[in-house]
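**Q** Input coords_33.txt, format and content: compact mmCIF, C-alpha atoms.
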```txt
# COMPACT_ATOMS: atom_id res chain seq x y z
CA MET L 1 -1.28 -30.42 6.76
CA LYS L 2 -3.61 -27.59 5.83
CA THR L 3 -2.34 -27.14 2.31
CA ASP L 4 0.21 -28.89 0.14
CA TRP L 5 3.80 -27.86 0.48
CA PRO L 6 5.12 -26.02 -2.57
CA LEU L 7 6.17 -28.12 -5.55
CA TRP L 8 9.84 -28.27 -6.60
CA GLU L 9 11.20 -29.55 -9.89
CA VAL L 10 14.16 -31.88 -9.51
CA PHE L 11 17.17 -31.95 -11.86
CA VAL L 12 19.82 -34.65 -11.61
CA ARG L 13 23.35 -34.67 -13.01
CA ALA L 14 23.93 -38.33 -13.80
CA ARG L 15 27.72 -38.02 -13.73
CA GLY L 16 30.47 -35.47 -14.16
CA GLY L 17 30.54 -33.96 -17.62
CA LEU L 18 26.78 -34.20 -18.19
CA SER L 19 24.27 -31.42 -17.65
CA HIS L 20 21.49 -31.64 -15.08
CA ARG L 21 18.35 -33.24 -16.46
CA HIS L 22 14.77 -33.02 -15.26
CA ALA L 23 13.84 -36.10 -13.21
CA GLY L 24 10.48 -35.21 -11.61
CA SER L 25 9.13 -33.20 -8.73
CA VAL L 26 8.70 -33.25 -4.96
CA HIS L 27 6.74 -31.29 -2.37
CA ALA L 28 8.71 -29.61 0.39
CA PRO L 29 8.41 -26.57 2.66
CA ASP L 30 11.93 -25.34 1.86
CA ALA L 31 14.92 -25.97 -0.37
CA THR L 32 16.84 -28.05 2.17
CA ILE L 33 14.01 -30.51 2.62
CA ALA L 34 13.30 -30.45 -1.13
CA LEU L 35 16.89 -31.63 -1.72
CA ARG L 36 16.49 -34.36 0.88
CA HIS L 37 13.23 -35.57 -0.66
CA ALA L 38 14.76 -35.40 -4.13
CA ARG L 39 17.66 -37.55 -2.96
CA ASP L 40 15.35 -40.20 -1.48
CA THR L 41 12.95 -40.15 -4.40
CA TYR L 42 15.19 -39.86 -7.45
CA THR L 43 18.66 -41.15 -6.53
CA ARG L 44 18.17 -44.46 -4.70
CA ARG L 45 20.36 -46.26 -7.23
CA MET L 46 23.26 -43.92 -7.87
CA GLU L 47 21.35 -42.07 -10.58
CA GLY L 48 23.24 -38.90 -9.86
CA VAL L 49 26.19 -36.99 -8.43
CA SER L 50 24.47 -33.63 -8.11
CA LEU L 51 20.93 -32.33 -7.58
CA TRP L 52 19.16 -29.07 -8.35
CA VAL L 53 15.73 -28.20 -7.02
CA VAL L 54 13.78 -25.24 -8.38
CA ARG L 55 10.40 -24.01 -7.24
CA SER L 56 7.96 -25.07 -9.96
CA SER L 57 6.24 -21.70 -9.74
CA ASP L 58 9.54 -20.00 -10.68
CA ILE L 59 9.73 -21.74 -14.05
CA ALA L 60 8.50 -19.76 -17.03
CA ALA L 61 7.42 -22.00 -19.90
CA SER L 62 6.58 -21.38 -23.53
CA ASP L 63 2.94 -21.80 -24.47
CA PRO L 64 2.36 -25.08 -26.37
CA GLU L 65 -0.41 -23.41 -28.36
CA GLN L 66 2.18 -20.96 -29.64
CA ALA L 67 4.58 -23.76 -30.58
CA GLY L 68 3.91 -23.08 -34.27
CA PRO L 69 4.89 -19.41 -34.46
CA MET L 70 7.61 -20.07 -31.90
CA PHE L 71 9.47 -22.94 -33.54
CA GLU L 72 8.29 -23.33 -37.12
CA PRO L 73 10.34 -20.43 -38.55
CA ALA L 74 13.42 -22.58 -37.93
CA GLU L 75 11.99 -25.27 -40.22
CA THR L 76 12.36 -23.14 -43.33
CA LYS L 77 15.91 -22.07 -42.53
CA ILE L 78 17.57 -25.20 -43.72
CA TYR L 79 20.59 -23.18 -44.79
CA ARG L 80 21.52 -23.14 -41.09
CA HIS L 81 22.52 -26.79 -41.36
CA PRO L 82 25.85 -27.88 -42.82
CA THR L 83 24.16 -30.48 -45.04
CA PHE L 84 22.50 -27.64 -47.00
CA TYR L 85 25.75 -26.99 -48.82
CA GLU L 86 26.75 -29.44 -51.51
CA LEU L 87 30.43 -29.11 -52.08
CA PRO L 88 32.59 -30.79 -54.71
CA ASP L 89 34.02 -34.14 -53.59
CA ALA L 90 37.48 -32.66 -54.06
CA VAL L 91 36.97 -30.53 -50.96
CA LYS L 92 38.39 -32.42 -47.98
CA HIS L 93 38.17 -31.93 -44.21
CA MET L 94 35.04 -29.77 -44.23
CA MET A 1 2.56 -52.53 -8.27
CA TYR A 2 -0.25 -51.41 -10.45
CA THR A 3 -3.88 -50.57 -10.70
CA THR A 4 -6.82 -52.05 -12.47
CA GLU A 5 -9.49 -49.76 -13.73
CA LEU A 6 -11.97 -49.81 -10.89
CA GLN A 7 -14.15 -46.73 -10.99
CA LYS A 8 -16.34 -45.91 -13.92
CA VAL A 9 -16.48 -42.37 -15.24
CA ASP A 10 -19.04 -40.36 -13.30
CA PRO A 11 -22.04 -40.06 -15.65
CA GLN A 12 -23.01 -36.71 -14.12
CA GLN A 13 -19.83 -35.29 -15.53
CA ALA A 14 -20.86 -35.91 -19.11
CA PRO A 15 -18.37 -34.25 -21.42
CA THR A 16 -19.29 -30.71 -22.31
CA ARG A 17 -19.04 -29.61 -25.91
CA GLU A 18 -15.45 -29.23 -26.88
CA PRO A 19 -14.26 -27.44 -30.03
CA GLN A 20 -14.31 -30.08 -32.74
CA GLU A 21 -11.09 -28.93 -34.39
CA LEU A 22 -9.21 -29.29 -31.08
CA VAL A 23 -10.69 -32.74 -30.47
CA ASP A 24 -9.78 -33.83 -34.00
CA ALA A 25 -6.24 -32.51 -33.69
CA PHE A 26 -5.84 -34.28 -30.35
CA GLU A 27 -7.17 -37.59 -31.68
CA ALA A 28 -4.85 -37.35 -34.68
CA ARG A 29 -1.80 -36.69 -32.51
CA VAL A 30 -2.59 -39.61 -30.22
CA ALA A 31 -3.31 -41.92 -33.15
CA ASP A 32 0.09 -40.92 -34.49
CA ASP A 33 1.71 -42.08 -31.19
CA ALA A 34 2.70 -38.53 -30.22
CA PHE A 35 3.04 -37.78 -26.51
CA ILE A 36 0.63 -35.40 -24.81
CA GLU A 37 2.29 -33.04 -22.33
CA PRO A 38 0.74 -31.27 -19.33
CA LYS A 39 0.01 -27.90 -20.92
CA ASP A 40 -1.26 -29.33 -24.22
CA TRP A 41 -4.97 -29.15 -24.92
CA MET A 42 -6.73 -32.42 -24.09
CA PRO A 43 -10.36 -33.52 -23.86
CA GLU A 44 -11.76 -33.32 -20.36
CA ALA A 45 -12.61 -37.04 -20.39
CA TYR A 46 -8.99 -37.90 -21.22
CA ARG A 47 -7.80 -35.76 -18.32
CA ARG A 48 -10.31 -37.32 -15.91
CA THR A 49 -9.56 -40.86 -17.01
CA LEU A 50 -5.85 -40.28 -16.51
CA ILE A 51 -6.24 -38.63 -13.11
CA ARG A 52 -8.35 -41.57 -11.99
CA GLN A 53 -5.97 -44.18 -13.34
CA ILE A 54 -2.73 -42.53 -12.22
CA SER A 55 -4.00 -41.68 -8.74
CA GLN A 56 -5.34 -45.22 -8.24
CA HIS A 57 -1.99 -46.49 -9.38
CA ALA A 58 -0.23 -44.17 -6.89
CA HIS A 59 -2.53 -45.28 -4.06
CA SER A 60 -1.76 -48.90 -4.91
CA GLU A 61 1.95 -48.27 -4.55
CA ILE A 62 1.46 -46.56 -1.19
CA VAL A 63 -0.90 -49.20 0.20
CA GLY A 64 1.44 -51.83 -1.27
CA MET A 65 4.02 -50.87 1.32
CA LEU A 66 1.78 -52.15 4.12
CA PRO A 67 1.55 -55.94 3.59
CA GLU A 68 5.32 -56.14 3.15
CA GLY A 69 6.24 -53.49 5.67
CA ASN A 70 4.83 -55.59 8.46
CA TRP A 71 7.37 -58.32 7.64
CA ILE A 72 10.47 -56.13 7.84
CA THR A 73 11.03 -56.88 11.51
CA ARG A 74 10.47 -60.60 10.93
CA ALA A 75 12.66 -61.10 7.86
CA PRO A 76 14.68 -64.31 8.35
CA SER A 77 18.10 -62.70 7.93
CA LEU A 78 19.80 -59.33 7.85
CA LYS A 79 20.28 -59.68 4.08
CA ARG A 80 16.57 -60.32 3.50
CA LYS A 81 15.69 -57.45 5.82
CA ALA A 82 17.87 -55.00 3.86
CA ILE A 83 16.35 -56.22 0.58
CA LEU A 84 12.79 -55.91 1.87
CA LEU A 85 13.46 -52.43 3.26
CA ALA A 86 14.77 -51.34 -0.14
CA LYS A 87 11.76 -52.80 -1.90
CA VAL A 88 9.27 -51.13 0.43
CA GLN A 89 11.11 -47.83 0.00
CA ASP A 90 10.86 -48.26 -3.78
CA GLU A 91 7.09 -48.69 -3.50
CA GLY A 92 6.91 -45.40 -1.65
CA GLY A 93 9.02 -43.81 -4.38
CA HIS A 94 6.74 -45.22 -7.08
CA GLY A 95 3.76 -43.69 -5.33
CA LEU A 96 5.51 -40.33 -5.32
CA TYR A 97 6.45 -40.43 -9.03
CA LEU A 98 2.83 -41.19 -9.82
CA TYR A 99 1.26 -38.59 -7.55
CA SER A 100 3.52 -36.02 -9.25
CA ALA A 101 2.37 -37.21 -12.67
CA ALA A 102 -1.29 -36.89 -11.62
CA GLU A 103 -0.62 -33.39 -10.28
CA THR A 104 0.50 -32.24 -13.73
CA LEU A 105 -3.14 -32.83 -14.76
CA GLY A 106 -4.48 -30.51 -12.08
CA ALA A 107 -5.15 -32.96 -9.23
CA SER A 108 -3.78 -31.80 -5.87
CA ARG A 109 -1.66 -34.07 -3.69
CA GLU A 110 -3.78 -33.20 -0.68
CA GLU A 111 -7.04 -34.15 -2.41
CA MET A 112 -5.61 -37.46 -3.55
CA ILE A 113 -4.28 -38.37 -0.11
CA ASP A 114 -7.59 -37.35 1.46
CA ALA A 115 -9.49 -39.48 -1.04
CA LEU A 116 -7.35 -42.48 -0.12
CA HIS A 117 -7.69 -41.99 3.62
CA SER A 118 -11.42 -41.34 3.53
CA GLY A 119 -11.92 -44.59 1.61
CA LYS A 120 -13.26 -42.75 -1.43
CA ALA A 121 -10.38 -43.72 -3.69
CA LYS A 122 -9.73 -47.24 -4.90
CA TYR A 123 -6.45 -49.09 -4.92
CA SER A 124 -5.40 -52.46 -6.23
CA THR A 125 -7.42 -55.24 -4.64
CA ILE A 126 -4.33 -57.35 -4.24
CA PHE A 127 -3.32 -55.60 -1.01
CA ASN A 128 -6.47 -56.62 0.77
CA TYR A 129 -5.19 -60.17 1.17
CA PRO A 130 -3.19 -61.03 4.29
CA THR A 131 0.52 -61.95 4.29
CA LEU A 132 0.59 -64.96 6.57
CA THR A 133 4.11 -66.38 6.19
CA TRP A 134 7.54 -65.37 4.90
CA ALA A 135 6.78 -67.28 1.70
CA ASP A 136 4.02 -64.74 1.04
CA ILE A 137 6.65 -62.02 0.82
CA GLY A 138 8.49 -64.01 -1.84
CA ALA A 139 5.22 -64.71 -3.65
CA ILE A 140 4.26 -61.03 -3.66
CA GLY A 141 7.55 -59.97 -5.21
CA TRP A 142 7.44 -62.71 -7.80
CA LEU A 143 3.72 -62.92 -8.67
CA VAL A 144 2.25 -59.56 -7.71
CA ASP A 145 5.17 -57.44 -8.93
CA GLY A 146 5.50 -59.82 -11.88
CA ALA A 147 1.90 -59.14 -12.88
CA ALA A 148 2.53 -55.43 -12.33
CA ILE A 149 5.52 -55.50 -14.69
CA MET A 150 3.43 -57.19 -17.39
CA ASN A 151 0.95 -54.36 -17.09
CA GLN A 152 3.43 -51.54 -16.72
CA VAL A 153 5.84 -52.33 -19.53
CA PRO A 154 3.33 -51.24 -22.22
CA LEU A 155 2.48 -48.18 -20.10
CA GLN A 156 5.99 -46.87 -20.77
CA ARG A 157 4.56 -45.93 -24.16
CA THR A 158 1.30 -44.56 -22.83
CA SER A 159 0.23 -41.33 -24.55
CA TYR A 160 0.56 -39.03 -21.54
CA GLY A 161 4.21 -38.00 -21.24
CA PRO A 162 4.59 -37.63 -17.45
CA TYR A 163 2.85 -40.99 -16.85
CA ALA A 164 5.02 -42.72 -19.45
CA ARG A 165 8.20 -41.27 -17.91
CA ALA A 166 7.14 -42.33 -14.41
CA MET A 167 6.56 -45.84 -15.78
CA VAL A 168 10.05 -46.01 -17.25
CA ARG A 169 11.48 -45.41 -13.78
CA VAL A 170 9.06 -47.79 -12.11
CA CYS A 171 9.75 -50.62 -14.55
CA LYS A 172 13.51 -50.38 -14.03
CA GLU A 173 13.04 -50.82 -10.30
CA GLU A 174 10.24 -53.37 -10.47
CA SER A 175 12.50 -55.97 -12.04
CA PHE A 176 14.53 -56.11 -8.82
CA HIS A 177 11.29 -56.67 -6.89
CA GLN A 178 10.32 -59.66 -8.94
CA ARG A 179 13.74 -61.27 -8.91
CA GLN A 180 14.28 -60.89 -5.17
CA GLY A 181 10.89 -62.52 -4.56
CA TYR A 182 11.61 -65.51 -6.77
CA ASP A 183 15.09 -65.77 -5.26
CA ALA A 184 13.59 -65.97 -1.75
CA LEU A 185 11.25 -68.76 -2.87
CA LEU A 186 14.03 -70.67 -4.64
CA VAL A 187 15.85 -70.86 -1.32
CA MET A 188 12.76 -72.09 0.52
CA ALA A 189 11.88 -74.54 -2.24
CA ALA A 190 15.28 -76.18 -1.71
CA GLY A 191 14.70 -76.35 2.05
CA THR A 192 12.80 -78.57 4.47
CA ASP A 193 9.42 -80.18 3.75
CA GLU A 194 7.85 -77.56 5.95
CA GLN A 195 9.41 -74.74 3.93
CA LYS A 196 8.34 -76.37 0.65
CA ALA A 197 4.79 -76.65 1.96
CA MET A 198 4.90 -72.97 2.87
CA VAL A 199 5.89 -72.04 -0.69
CA GLN A 200 3.08 -74.15 -2.19
CA ASP A 201 0.60 -72.65 0.26
CA ALA A 202 1.67 -69.10 -0.69
CA ILE A 203 1.29 -69.92 -4.40
CA ASP A 204 -2.13 -71.44 -3.71
CA ARG A 205 -3.30 -68.24 -2.08
CA TRP A 206 -1.63 -65.66 -4.38
CA TRP A 207 -2.07 -67.25 -7.82
CA TRP A 208 -5.69 -66.27 -8.42
CA PRO A 209 -5.47 -62.79 -6.89
CA ALA A 210 -2.43 -62.14 -9.14
CA ILE A 211 -4.36 -63.35 -12.20
CA MET A 212 -7.23 -61.03 -11.24
CA MET A 213 -4.87 -58.03 -11.07
CA PHE A 214 -5.28 -57.65 -14.83
CA GLY A 215 -8.87 -56.60 -14.23
CA PRO A 216 -12.17 -57.75 -15.72
CA SER A 217 -12.11 -59.77 -18.92
CA ASP A 218 -12.26 -57.78 -22.15
CA ASP A 219 -15.97 -58.35 -22.82
CA ASN A 220 -16.72 -56.88 -19.39
CA SER A 221 -14.36 -53.91 -19.40
CA PRO A 222 -16.41 -51.01 -20.77
CA ASN A 223 -13.73 -48.31 -20.69
CA SER A 224 -11.06 -50.38 -22.39
CA ALA A 225 -11.87 -49.48 -26.00
CA GLN A 226 -11.62 -45.74 -25.40
CA SER A 227 -8.46 -46.10 -23.30
CA ILE A 228 -6.84 -48.11 -26.08
CA ARG A 229 -7.87 -45.56 -28.70
CA TRP A 230 -6.32 -42.84 -26.56
CA ARG A 231 -3.19 -44.97 -26.06
CA ILE A 232 -3.69 -44.72 -22.29
CA LYS A 233 -3.77 -48.48 -22.42
CA ARG A 234 -1.77 -50.36 -24.99
CA GLU A 235 -2.95 -53.94 -24.52
CA THR A 236 -6.21 -55.43 -23.28
CA ASN A 237 -6.66 -57.04 -19.86
CA ASP A 238 -6.98 -60.54 -21.31
CA GLU A 239 -3.93 -60.18 -23.55
CA LEU A 240 -1.79 -59.14 -20.61
CA ARG A 241 -3.24 -61.88 -18.38
CA GLN A 242 -2.41 -64.52 -20.98
CA LYS A 243 1.16 -63.22 -21.31
CA PHE A 244 1.60 -63.37 -17.55
CA ILE A 245 0.27 -66.91 -17.27
CA ASP A 246 2.42 -68.13 -20.15
CA ALA A 247 5.53 -66.60 -18.58
CA THR A 248 4.83 -67.66 -15.01
CA VAL A 249 3.66 -71.29 -15.22
CA PRO A 250 7.16 -72.58 -16.10
CA GLN A 251 8.54 -70.59 -13.15
CA VAL A 252 6.10 -72.35 -10.81
CA HIS A 253 7.29 -75.71 -12.13
CA LEU A 254 10.93 -74.70 -11.78
CA LEU A 255 10.27 -74.24 -8.07
CA GLY A 256 8.90 -77.80 -8.03
CA MET A 257 5.44 -76.44 -7.22
CA GLU A 258 1.93 -76.78 -8.66
CA VAL A 259 -0.37 -74.13 -10.15
CA PRO A 260 -3.66 -74.20 -8.19
CA ASP A 261 -5.77 -74.46 -11.35
CA PRO A 262 -6.97 -77.94 -12.37
CA ASP A 263 -8.02 -76.62 -15.80
CA LEU A 264 -4.61 -75.24 -16.64
CA LYS A 265 -3.06 -76.92 -19.66
CA TRP A 266 -0.86 -76.07 -22.60
CA ASN A 267 -2.83 -75.53 -25.80
CA GLU A 268 -0.55 -76.52 -28.65
CA GLU A 269 -2.83 -74.99 -31.26
CA ARG A 270 -3.06 -71.56 -29.62
CA GLY A 271 0.50 -71.61 -28.40
CA HIS A 272 -0.76 -70.50 -24.97
CA TYR A 273 -1.90 -72.00 -21.70
CA ASP A 274 -5.64 -72.49 -21.28
CA TYR A 275 -6.76 -71.61 -17.77
CA GLY A 276 -9.80 -72.10 -15.56
CA ALA A 277 -12.68 -69.73 -14.90
CA ILE A 278 -11.93 -66.75 -12.67
CA ASP A 279 -14.12 -66.14 -9.63
CA TRP A 280 -15.13 -62.57 -10.42
CA GLU A 281 -17.56 -62.47 -7.50
CA GLU A 282 -14.57 -62.62 -5.20
CA PHE A 283 -12.85 -59.88 -7.21
CA TYR A 284 -15.77 -57.48 -6.95
CA ALA A 285 -16.25 -58.25 -3.26
CA VAL A 286 -12.61 -57.29 -2.67
CA VAL A 287 -13.00 -54.16 -4.85
CA ARG A 288 -15.94 -53.16 -2.65
CA GLY A 289 -13.60 -53.35 0.32
CA GLU A 290 -14.66 -56.72 1.64
CA GLY A 291 -11.16 -58.14 1.46
CA PRO A 292 -9.95 -59.81 4.62
CA THR A 293 -7.70 -56.92 5.58
CA ALA A 294 -9.14 -53.85 3.82
CA LYS A 295 -10.04 -52.15 7.09
CA GLU A 296 -6.73 -52.97 8.71
CA ARG A 297 -4.79 -51.54 5.75
CA MET A 298 -6.57 -48.18 5.86
CA GLU A 299 -6.21 -47.95 9.63
CA ALA A 300 -2.47 -48.57 9.33
CA ARG A 301 -2.21 -46.00 6.55
CA ARG A 302 -4.12 -43.32 8.48
CA LYS A 303 -2.11 -44.04 11.62
CA ALA A 304 1.17 -43.59 9.71
CA TRP A 305 -0.10 -40.28 8.33
CA ASP A 306 -1.31 -39.03 11.72
CA ASP A 307 1.82 -40.18 13.54
CA GLY A 308 3.92 -38.23 11.04
CA ALA A 309 1.92 -35.03 11.49
CA TRP A 310 4.37 -33.54 14.01
CA VAL A 311 7.23 -33.88 11.54
CA ARG A 312 5.30 -32.00 8.86
CA GLU A 313 4.26 -29.35 11.37
CA ALA A 314 7.84 -28.93 12.59
CA ALA A 315 9.05 -28.49 9.00
CA ASP A 316 6.36 -25.86 8.43
CA ALA A 317 7.29 -24.04 11.63
CA HIS A 318 10.97 -24.09 10.69
CA GLU A 319 10.25 -22.57 7.29
CA ALA A 320 7.94 -19.94 8.82
CA ARG A 321 10.67 -18.90 11.23
CA ARG A 322 13.26 -18.74 8.46
CA ARG A 323 10.97 -16.39 6.54
CA ILE A 324 10.53 -14.12 9.54
CA LYS A 325 14.30 -14.04 10.06
CA ALA A 326 14.91 -13.35 6.38
CA ALA A 327 12.40 -10.50 6.44
CA ALA A 328 13.91 -8.94 9.57
```
Take the structure in the file and give it back as structure tokens.

**A**
Amino acid sequence: MKTDWPLWEVFVRARGGLSHRHAGSVHAPDATIALRHARDTYTRRMEGVSLWVVRSSDIAASDPEQAGPMFEPAETKIYRHPTFYELPDAVKHM
Amino acid sequence: MYTTELQKVDPQQAPTREPQELVDAFEARVADDAFIEPKDWMPEAYRRTLIRQISQHAHSEIVGMLPEGNWITRAPSLKRKAILLAKVQDEGGHGLYLYSAAETLGASREEMIDALHSGKAKYSTIFNYPTLTWADIGAIGWLVDGAAIMNQVPLQRTSYGPYARAMVRVCKEESFHQRQGYDALLVMAAGTDEQKAMVQDAIDRWWWPAIMMFGPSDDNSPNSAQSIRWRIKRETNDELRQKFIDATVPQVHLLGMEVPDPDLKWNEERGHYDYGAIDWEEFYAVVRGEGPTAKERMEARRKAWDDGAWVREAADAHEARRRIKAAA
């Protein structure tokens, strides 16, 4: 092989009702073979009922160095959580 | 399977000056047991140490397929053959999880495979011992994978996220490896005198190599302190070795077999087994590639790679043609 095959990220749905979850990655020349490799590598013990493979280069990711500006604003908005509101004990079913 | 730390950091690649505030922030995160993820800033030495350790670990899994693979056709029953096939396939899978983890640090798969095939990369010394009888296959699963588990369980909490996640998968599967090995030996140990002798002989040959899998003793393991500070390693070589011995000696006795160490005895005061001196000369000779089968292993590995070349080329050609068709 002259160069590595492209990298694919593998997502596995463990069972019906759950979302696909990242399991790892495989190298493959195309999507069909990527799915085959993903099956052999990540589902040898019935870990899943469905597989997704996505070219790693097609994933856009947030910059960890920008994690502060990106996610910290949510920290100060505690009023977005139900526990922020203290209601009288008399209020039921809320 | 697993890797000991075999290659020292290349002194020519002395760390360049790194911004102190980044180094401090990194050290603080690691000390706080936070996970480091691929795109996070990390010191160059941390990255290099991990690439070395993870790729050696991956190579060990891949080479680990060879001593057992050559027994698949000679397994004593269809059941044992199916089990061994599954185990060998797992080892291949473990290698792939680990290569992927190393790639997140910027190592390329091609470079790593080349380094293995050219003899530049190290792998666990344990695979340079021959597998002479069927009992060896049982002993490998039980002792070699058992030692690997001891080492890998703490690595599930190693500071580098992708490595830790790969280890969680590996550990789940490794437990089957150990149990099937011990199960195979239990059957033989209840068999004929000849079978019993075979089990004892396998233990005699695999005990010390398994003990040595934990690597040099702590006072002779220069990189350990830094790896522990960085949470790449969570327990020292000697701590893990002692745990393994304490857990395994009763299993040897349960098989009705002897541990090939005349100095082995229970130390009531320490609450651990005392054990005899390890022949580190042998260990380093095997690390240098002087193991009985080192050459044979690499030849088999390169042959498998070369024999599979047409499959990779066909897959490439198929994809190239699909592209042309799609473009037309």

**Q** Within 12 Å of chain A, which residues of chain L show up when using only C-alpha atoms, listed as a PyMOL selection string?

**A** chain L and resi 1-10+22-34+37-45+47+56+61-67

**Q** Deliver the residues from the most recent selection as a file, using C-alpha atoms, as a PDB file, in the frame of the given file.

**A**
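Output file part.pdb follows:
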```pdb
ATOM      1  CA  MET L   1      -1.280 -30.420   6.760  1.00  0.00           C
ATOM      2  CA  LYS L   2      -3.610 -27.590   5.830  1.00  0.00           C
ATOM      3  CA  THR L   3      -2.340 -27.140   2.310  1.00  0.00           C
ATOM      4  CA  ASP L   4       0.210 -28.890   0.140  1.00  0.00           C
ATOM      5  CA  TRP L   5       3.800 -27.860   0.480  1.00  0.00           C
ATOM      6  CA  PRO L   6       5.120 -26.020  -2.570  1.00  0.00           C
ATOM      7  CA  LEU L   7       6.170 -28.120  -5.550  1.00  0.00           C
ATOM      8  CA  TRP L   8       9.840 -28.270  -6.600  1.00  0.00           C
ATOM      9  CA  GLU L   9      11.200 -29.550  -9.890  1.00  0.00           C
ATOM     10  CA  VAL L  10      14.160 -31.880  -9.510  1.00  0.00           C
ATOM     11  CA  HIS L  22      14.770 -33.020 -15.260  1.00  0.00           C
ATOM     12  CA  ALA L  23      13.840 -36.100 -13.210  1.00  0.00           C
ATOM     13  CA  GLY L  24      10.480 -35.210 -11.610  1.00  0.00           C
ATOM     14  CA  SER L  25       9.130 -33.200  -8.730  1.00  0.00           C
ATOM     15  CA  VAL L  26       8.700 -33.250  -4.960  1.00  0.00           C
ATOM     16  CA  HIS L  27       6.740 -31.290  -2.370  1.00  0.00           C
ATOM     17  CA  ALA L  28       8.710 -29.610   0.390  1.00  0.00           C
ATOM     18  CA  PRO L  29       8.410 -26.570   2.660  1.00  0.00           C
ATOM     19  CA  ASP L  30      11.930 -25.340   1.860  1.00  0.00           C
ATOM     20  CA  ALA L  31      14.920 -25.970  -0.370  1.00  0.00           C
ATOM     21  CA  THR L  32      16.840 -28.050   2.170  1.00  0.00           C
ATOM     22  CA  ILE L  33      14.010 -30.510   2.620  1.00  0.00           C
ATOM     23  CA  ALA L  34      13.300 -30.450  -1.130  1.00  0.00           C
ATOM     24  CA  HIS L  37      13.230 -35.570  -0.660  1.00  0.00           C
ATOM     25  CA  ALA L  38      14.760 -35.400  -4.130  1.00  0.00           C
ATOM     26  CA  ARG L  39      17.660 -37.550  -2.960  1.00  0.00           C
ATOM     27  CA  ASP L  40      15.350 -40.200  -1.480  1.00  0.00           C
ATOM     28  CA  THR L  41      12.950 -40.150  -4.400  1.00  0.00           C
ATOM     29  CA  TYR L  42      15.190 -39.860  -7.450  1.00  0.00           C
ATOM     30  CA  THR L  43      18.660 -41.150  -6.530  1.00  0.00           C
ATOM     31  CA  ARG L  44      18.170 -44.460  -4.700  1.00  0.00           C
ATOM     32  CA  ARG L  45      20.360 -46.260  -7.230  1.00  0.00           C
ATOM     33  CA  GLU L  47      21.350 -42.070 -10.580  1.00  0.00           C
ATOM     34  CA  SER L  56       7.960 -25.070  -9.960  1.00  0.00           C
ATOM     35  CA  ALA L  61       7.420 -22.000 -19.900  1.00  0.00           C
ATOM     36  CA  SER L  62       6.580 -21.380 -23.530  1.00  0.00           C
ATOM     37  CA  ASP L  63       2.940 -21.800 -24.470  1.00  0.00           C
ATOM     38  CA  PRO L  64       2.360 -25.080 -26.370  1.00  0.00           C
ATOM     39  CA  GLU L  65      -0.410 -23.410 -28.360  1.00  0.00           C
ATOM     40  CA  GLN L  66       2.180 -20.960 -29.640  1.00  0.00           C
ATOM     41  CA  ALA L  67       4.580 -23.760 -30.580  1.00  0.00           C
TER      42      ALA L  67
END
```

**Q** Can you work out the spacing between atom CA of Trp280 of chain A and atom CA of Pro209 of chain A in Å, to one decimal?

**A**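 Separation of atom CA of Trp280 of chain A and atom CA of Pro209 of chain A: 10.3 Å.
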
**Q** For segment 71-80 of chain A, work out the shell of residues within 8 Å, counting all atoms listed in the file and skipping chain neighbours fewer than 4 positions away, then give it as a VMD selection string.

**A** chain A and resid 67 84 to 85 134 137

**Q** Using all atoms listed in the file, which of the listed residues (L:Tyr85, L:Tyr79, L:Ala90, L:Ala14) sits closest to Val49 of chain L?

**A**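 Using all atoms listed in the file, Val49 of chain L sits closest to L:Ala14.
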
**Q** Work out how far apart atom CA of Ala25 of chain A and atom CA of Leu50 of chain A are and give it in Å to one decimal.

**A** 18.9 Å

**Q** List as a list in words the residues having at least one atom at most 10 Å from position (-2.8, -49.6, -5.2) as given in the file, counting all atoms listed in the file.

**A** Met1, Tyr2, Thr3, Thr4, Ile54, Ser55, Gln56, His57, Ala58, His59, Ser60, Glu61, Ile62, Val63, Gly64, Met65, Gly95, Leu116, Ala121, Lys122, Tyr123, Ser124, Thr125, Ile126, Phe127 and Asn128 of chain A

**Q** Fewer than 5 positions away in the same chain doesn't count, so skip those; otherwise give me all residues within 7 Å of segment 239-248 of chain A, counting all atoms listed in the file, as a short mmCIF file (atom, residue, chain, number, x, y, z; two decimals) with C-alpha atoms, in the frame of the given file.

**A**
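Wrote result-v9.cif, looks like this:
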```cif
data_model
loop_
_atom_site.label_atom_id
_atom_site.label_comp_id
_atom_site.auth_asym_id
_atom_site.auth_seq_id
_atom_site.Cartn_x
_atom_site.Cartn_y
_atom_site.Cartn_z
CA ALA A 147 1.90 -59.14 -12.88
CA MET A 150 3.43 -57.19 -17.39
CA ASN A 151 0.95 -54.36 -17.09
CA ILE A 211 -4.36 -63.35 -12.20
CA PHE A 214 -5.28 -57.65 -14.83
CA HIS A 272 -0.76 -70.50 -24.97
CA TYR A 273 -1.90 -72.00 -21.70
#
```

**Q** Could you please determine the separation between atom CA of Ile113 of chain A and atom CA of Glu235 of chain A in Å, to one decimal place?

**A** 29.0 Å

**Q** Using all atoms listed in the file for the distances, tell me which of A:Gly119, A:Arg52, A:Glu68, A:Arg231 is nearest to Gln156 of chain A.

**A**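 Result for the nearest residue to Gln156 of chain A: A:Arg231.
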
**Q** Box along x, y and z, 5 Å on every side, all listed atoms of segment 41-46 of chain L inside: centre and edge lengths in Å to one decimal, as lines of an AutoDock Vina configuration file.

**A**
```
center_x = 18.1
center_y = -43.1
center_z = -6.1
size_x = 20.3
size_y = 16.4
size_z = 13.5
```

**Q** Which one of A:Val287, A:Asp219, A:Phe26, A:Asp204 sits closest to Asp261 of chain A if you count only C-alpha atoms?

**A**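 Residue with the minimum atom-to-atom distance to Asp261 of chain A: A:Asp204.
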